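Just entry02.cif here, mmCIF, C-alpha atoms:
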```cif
data_run
#
loop_
_atom_site.label_atom_id
_atom_site.label_comp_id
_atom_site.auth_asym_id
_atom_site.auth_seq_id
_atom_site.Cartn_x
_atom_site.Cartn_y
_atom_site.Cartn_z
CA MET A 1 163.67 -9.08 41.67
CA ILE A 2 161.94 -10.74 44.63
CA PRO A 3 158.19 -10.23 44.11
CA GLU A 4 156.26 -8.19 46.66
CA LYS A 5 153.84 -11.11 47.07
CA LEU A 6 156.67 -13.38 48.19
CA THR A 7 157.81 -10.80 50.74
CA GLN A 8 154.22 -10.58 51.93
CA ILE A 9 154.11 -14.37 52.47
CA LEU A 10 157.25 -14.21 54.60
CA LYS A 11 155.49 -11.78 56.94
CA HIS A 12 153.22 -14.66 57.98
CA GLU A 13 154.91 -17.40 59.98
CA GLY A 14 155.40 -20.69 58.20
CA VAL A 15 157.89 -23.27 57.09
CA ALA A 16 160.23 -22.75 54.15
CA ALA A 17 161.75 -25.85 52.54
CA ILE A 18 165.22 -25.75 50.98
CA VAL A 19 165.98 -28.62 48.62
CA THR A 20 169.43 -29.66 47.37
CA GLN A 21 170.69 -32.48 45.19
CA GLY A 22 172.69 -35.19 47.00
CA ALA A 23 174.75 -37.95 45.38
CA ASN A 24 171.79 -40.22 44.64
CA GLU A 25 168.87 -38.55 46.32
CA PRO A 26 167.48 -35.14 47.13
CA HIS A 27 167.83 -33.54 50.56
CA VAL A 28 165.53 -31.05 52.26
CA VAL A 29 165.89 -28.78 55.27
CA ASN A 30 163.51 -26.24 56.72
CA THR A 31 163.64 -22.79 58.20
CA TRP A 32 160.95 -20.41 59.46
CA HIS A 33 159.60 -17.62 57.30
CA SER A 34 160.37 -15.18 60.12
CA TYR A 35 164.06 -16.14 59.98
CA ILE A 36 164.37 -15.12 56.32
CA LYS A 37 165.49 -11.62 55.41
CA VAL A 38 165.01 -10.45 51.85
CA THR A 39 167.65 -8.07 50.51
CA GLY A 40 167.22 -5.32 47.92
CA ASP A 41 169.47 -7.18 45.49
CA GLY A 42 167.42 -10.39 45.24
CA ARG A 43 168.84 -12.56 47.98
CA MET A 44 167.31 -14.40 50.91
CA LEU A 45 169.39 -14.62 54.09
CA PHE A 46 168.75 -16.95 57.02
CA PRO A 47 170.62 -18.52 59.94
CA VAL A 48 172.43 -21.83 59.48
CA GLY A 49 172.50 -24.08 62.54
CA GLY A 50 173.04 -27.59 61.26
CA MET A 51 172.43 -27.91 57.51
CA ASN A 52 175.62 -29.97 57.18
CA THR A 53 174.28 -32.21 54.40
CA THR A 54 172.94 -29.12 52.62
CA GLU A 55 176.38 -27.52 52.85
CA SER A 56 178.09 -30.64 51.53
CA ASN A 57 175.58 -30.85 48.66
CA ILE A 58 175.93 -27.21 47.60
CA ASN A 59 179.71 -27.56 47.57
CA LYS A 60 179.14 -29.86 44.58
CA ASN A 61 176.00 -28.27 43.11
CA ASN A 62 174.75 -24.98 44.51
CA ASN A 63 171.36 -25.04 42.77
CA VAL A 64 168.57 -25.09 45.32
CA LEU A 65 164.80 -25.06 45.27
CA LEU A 66 163.06 -23.13 48.02
CA THR A 67 159.34 -23.08 48.74
CA VAL A 68 157.25 -20.79 50.94
CA GLY A 69 153.52 -20.33 51.29
CA SER A 70 150.79 -18.89 53.45
CA ARG A 71 147.07 -19.45 53.64
CA GLU A 72 146.72 -15.89 54.91
CA VAL A 73 147.88 -14.24 51.68
CA GLU A 74 145.64 -14.00 48.62
CA GLY A 75 146.82 -16.29 45.86
CA THR A 76 145.72 -17.15 42.35
CA HIS A 77 142.69 -19.17 43.58
CA GLY A 78 141.56 -17.18 46.59
CA MET A 79 143.28 -17.20 49.97
CA GLY A 80 146.50 -19.16 49.94
CA ALA A 81 149.63 -18.15 48.06
CA GLY A 82 152.89 -19.98 47.44
CA PHE A 83 156.17 -19.54 45.63
CA LEU A 84 158.82 -21.84 44.22
CA VAL A 85 162.23 -20.23 44.10
CA ASP A 86 165.06 -21.47 41.92
CA GLY A 87 168.27 -20.18 43.40
CA SER A 88 171.96 -20.53 44.07
CA MET A 89 172.95 -21.07 47.67
CA SER A 90 176.08 -20.11 49.57
CA ILE A 91 177.11 -20.46 53.20
CA LEU A 92 178.60 -17.22 54.52
CA SER A 93 180.82 -17.39 57.58
CA GLN A 94 182.14 -13.85 57.48
CA GLY A 95 181.16 -10.42 56.26
CA THR A 96 178.35 -8.01 57.08
CA ASP A 97 175.52 -10.42 56.16
CA PHE A 98 177.02 -13.02 58.49
CA ASP A 99 177.46 -10.43 61.25
CA ASP A 100 173.84 -9.38 60.88
CA ILE A 101 172.59 -12.99 61.13
CA LYS A 102 174.89 -13.72 64.07
CA GLN A 103 173.53 -10.73 65.93
CA ARG A 104 169.92 -11.83 65.42
CA PHE A 105 170.61 -15.56 65.91
CA PRO A 106 173.60 -16.06 68.24
CA TRP A 107 173.32 -19.85 67.80
CA ALA A 108 173.93 -19.62 64.02
CA ARG A 109 177.20 -21.07 62.79
CA ALA A 110 176.80 -19.24 59.46
CA ALA A 111 174.40 -17.31 57.26
CA GLY A 112 172.64 -19.10 54.44
CA GLU A 113 172.28 -17.05 51.28
CA VAL A 114 169.97 -17.97 48.43
CA ARG A 115 170.39 -15.81 45.35
CA VAL A 116 167.02 -15.89 43.59
CA ASN A 117 167.48 -16.79 39.93
CA LYS A 118 163.81 -17.35 39.25
CA SER A 119 160.65 -17.24 41.35
CA THR A 120 157.35 -18.76 40.30
CA GLN A 121 154.04 -18.17 42.05
CA THR A 122 152.60 -21.67 42.38
CA LEU A 123 149.29 -20.65 43.90
CA MET B 1 153.35 -45.32 63.17
CA ILE B 2 152.68 -41.64 62.49
CA PRO B 3 153.64 -39.76 65.66
CA GLU B 4 150.96 -37.85 67.56
CA LYS B 5 153.13 -34.72 67.36
CA LEU B 6 153.08 -34.85 63.56
CA THR B 7 149.29 -35.18 63.56
CA GLN B 8 149.17 -32.20 65.92
CA ILE B 9 151.26 -30.11 63.49
CA LEU B 10 148.83 -30.89 60.68
CA LYS B 11 146.01 -29.39 62.74
CA HIS B 12 147.68 -26.00 62.28
CA GLU B 13 147.57 -24.63 58.75
CA GLY B 14 150.86 -24.56 56.92
CA VAL B 15 152.72 -25.70 53.85
CA ALA B 16 153.93 -29.26 53.37
CA ALA B 17 156.72 -29.84 50.85
CA ILE B 18 156.94 -33.08 48.87
CA VAL B 19 160.32 -33.75 47.27
CA THR B 20 161.05 -36.27 44.52
CA GLN B 21 164.13 -37.18 42.51
CA GLY B 22 164.09 -36.14 38.85
CA ALA B 23 166.55 -37.22 36.15
CA ASN B 24 169.25 -34.75 37.11
CA GLU B 25 167.66 -32.59 39.74
CA PRO B 26 165.22 -32.70 42.62
CA HIS B 27 161.63 -31.54 42.30
CA VAL B 28 159.36 -30.11 44.97
CA VAL B 29 155.63 -29.50 45.19
CA ASN B 30 153.52 -28.21 48.05
CA THR B 31 150.19 -28.94 49.64
CA TRP B 32 148.40 -27.48 52.67
CA HIS B 33 148.49 -29.22 56.05
CA SER B 34 144.70 -29.06 56.14
CA TYR B 35 144.51 -31.10 52.91
CA ILE B 36 146.43 -34.02 54.43
CA LYS B 37 144.57 -36.86 56.07
CA VAL B 38 146.49 -39.29 58.23
CA THR B 39 145.28 -42.89 58.20
CA GLY B 40 145.50 -45.43 61.01
CA ASP B 41 147.91 -47.55 58.98
CA GLY B 42 150.65 -44.95 58.55
CA ARG B 43 149.72 -43.21 55.34
CA MET B 44 149.16 -39.59 54.40
CA LEU B 45 146.49 -38.85 51.79
CA PHE B 46 146.03 -35.58 49.92
CA PRO B 47 144.47 -34.28 46.70
CA VAL B 48 146.49 -34.24 43.50
CA GLY B 49 145.71 -31.38 41.11
CA GLY B 50 148.78 -30.95 38.92
CA MET B 51 151.85 -32.73 40.32
CA ASN B 52 152.64 -34.07 36.84
CA THR B 53 156.41 -33.92 37.28
CA THR B 54 156.03 -35.53 40.69
CA GLU B 55 154.01 -38.35 39.13
CA SER B 56 156.54 -38.85 36.36
CA ASN B 57 159.37 -38.93 38.93
CA ILE B 58 157.70 -41.44 41.26
CA ASN B 59 157.03 -43.72 38.31
CA LYS B 60 160.80 -44.17 38.23
CA ASN B 61 161.61 -43.79 41.92
CA ASN B 62 158.80 -43.59 44.43
CA ASN B 63 160.92 -42.45 47.39
CA VAL B 64 159.79 -39.04 48.59
CA LEU B 65 160.73 -36.65 51.35
CA LEU B 66 157.92 -34.70 52.96
CA THR B 67 158.28 -31.87 55.47
CA VAL B 68 155.72 -30.20 57.71
CA GLY B 69 156.08 -27.78 60.59
CA SER B 70 154.26 -25.33 62.81
CA ARG B 71 155.41 -22.57 65.09
CA GLU B 72 152.28 -23.15 67.16
CA VAL B 73 153.27 -26.65 68.32
CA GLU B 74 155.87 -27.19 71.04
CA GLY B 75 159.06 -28.62 69.60
CA THR B 76 162.43 -29.70 70.96
CA HIS B 77 163.59 -26.10 71.52
CA GLY B 78 160.39 -24.39 72.65
CA MET B 79 157.55 -23.40 70.35
CA GLY B 80 158.04 -24.63 66.79
CA ALA B 81 157.98 -28.25 65.75
CA GLY B 82 158.81 -29.91 62.45
CA PHE B 83 159.03 -33.34 60.90
CA LEU B 84 160.88 -34.89 57.99
CA VAL B 85 159.09 -37.90 56.56
CA ASP B 86 160.78 -40.50 54.41
CA GLY B 87 158.08 -42.26 52.44
CA SER B 88 156.91 -44.06 49.34
CA MET B 89 154.43 -42.22 47.19
CA SER B 90 151.65 -43.50 44.95
CA ILE B 91 149.01 -41.77 42.85
CA LEU B 92 145.60 -43.36 43.39
CA SER B 93 142.94 -42.85 40.75
CA GLN B 94 140.41 -45.33 42.00
CA GLY B 95 139.34 -46.98 45.22
CA THR B 96 137.88 -45.73 48.49
CA ASP B 97 140.78 -43.42 49.33
CA PHE B 98 140.41 -41.78 45.92
CA ASP B 99 136.63 -41.51 46.38
CA ASP B 100 137.12 -39.87 49.75
CA ILE B 101 139.57 -37.30 48.35
CA LYS B 102 137.35 -36.65 45.33
CA GLN B 103 134.40 -35.94 47.60
CA ARG B 104 136.37 -33.43 49.68
CA PHE B 105 138.23 -31.91 46.72
CA PRO B 106 136.15 -32.17 43.54
CA TRP B 107 138.98 -30.57 41.52
CA ALA B 108 141.39 -33.39 42.38
CA ARG B 109 142.43 -35.62 39.48
CA ALA B 110 143.75 -38.24 41.92
CA ALA B 111 144.69 -38.91 45.53
CA GLY B 112 148.32 -38.73 46.57
CA GLU B 113 149.37 -41.37 49.05
CA VAL B 114 152.60 -41.23 51.03
CA ARG B 115 153.35 -44.36 53.00
CA VAL B 116 155.50 -43.24 55.93
CA ASN B 117 158.62 -45.40 56.17
CA LYS B 118 160.39 -43.20 58.70
CA SER B 119 159.56 -39.91 60.39
CA THR B 120 162.10 -37.74 62.17
CA GLN B 121 161.27 -34.80 64.38
CA THR B 122 163.63 -32.10 63.16
CA LEU B 123 162.70 -29.47 65.73
#
```
Any chance you could give the structure as structure tokens?
Amino acid sequence: MIPEKLTQILKHEGVAAIVTQGANEPHVVNTWHSYIKVTGDGRMLFPVGGMNTTESNINKNNNVLLTVGSREVEGTHGMGAGFLVDGSMSILSQGTDFDDIKQRFPWARAAGEVRVNKSTQTL
Amino acid sequence: MIPEKLTQILKHEGVAAIVTQGANEPHVVNTWHSYIKVTGDGRMLFPVGGMNTTESNINKNNNVLLTVGSREVEGTHGMGAGFLVDGSMSILSQGTDFDDIKQRFPWARAAGEVRVNKSTQTL
């Protein structure tokens, strides 16, 4: 469900952007590729430190856009590959996924979960 | 107007995200750090290939959010720095800035210009 190429991109450090819809304007937060864990059932998990506006936005509309990319992975036009993910985001503050994040990132107040509905290779 | 730290981040390759407001949902496109040129008067210039939805969105509302980051630049919590830029975007299809972009990126149909209104170091 999550393409191998996307997983490959996450193995190279970089910035992921997570975009939500606010009342009148979009909102964006970032996390590092290396913080994101891809699960076998099509989810991306990462630590949540702040992300308070993101949380407030997804409580009303949990659709998110997430982008990742790396110049070190071969893309559709030579070196440089990127993905746009269309997903549904949740904030997990209990359960095994939360425990796993908390163990790796003690500063995390929660685990962010993006369920990948669609992923498009943009480059 | 554009912080030195942000310019430093752009010297390391990575993915910039440019977020616009669509009719009912946000939209995001990416470009490479190395494609972005910072001007002395607080603007960021980059080649525009597709970005058709972005162009259509900014015709209605030219506010954009732009994020950049690099793990190789010292941030507020050790290595890893990032910025969130609040700006106004234009698509330039003539003029010296366009000519400059066109020379560096012959495939570009236009130059993207983000005038930085506010920049916040997020990490």
- Quick one: which residues from chain B are at most 12 Å off chain A, using all atoms listed in the file, as a ChimeraX atom specification? /B:9,12-35,49-51,61-73,79-86,120-123
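Of note, CA of Ile91 in chain A and CA of Arg109 in chain A are spaced 9.6 Å apart.
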- Query: Hey, what comes out of the PyMOL selection byres ((chain B and resi 36-48) around 10) on this file? Could you write it as a count of residues only?
  - Reply: 45
- Task: Work out how far apart CA of Thr76 in chain A and CA of Gln8 in chain A are and give it in Å to one decimal.
- Result: 14.4 Å
Starting from 4 Å padding per side, set up an axis-aligned box that covers all listed atoms of range 103-106 of chain B and hand over centre and edge lengths in Å, one decimal, as JSON.
```
{"center_x": 136.3, "center_y": -33.9, "center_z": 46.6, "size_x": 11.8, "size_y": 12.0, "size_z": 14.1}
```
- Query: Between CA of Asn57 in chain B and CA of Ser119 in chain B, what is the spacing in Å?
  - Reply: 21.5 Å
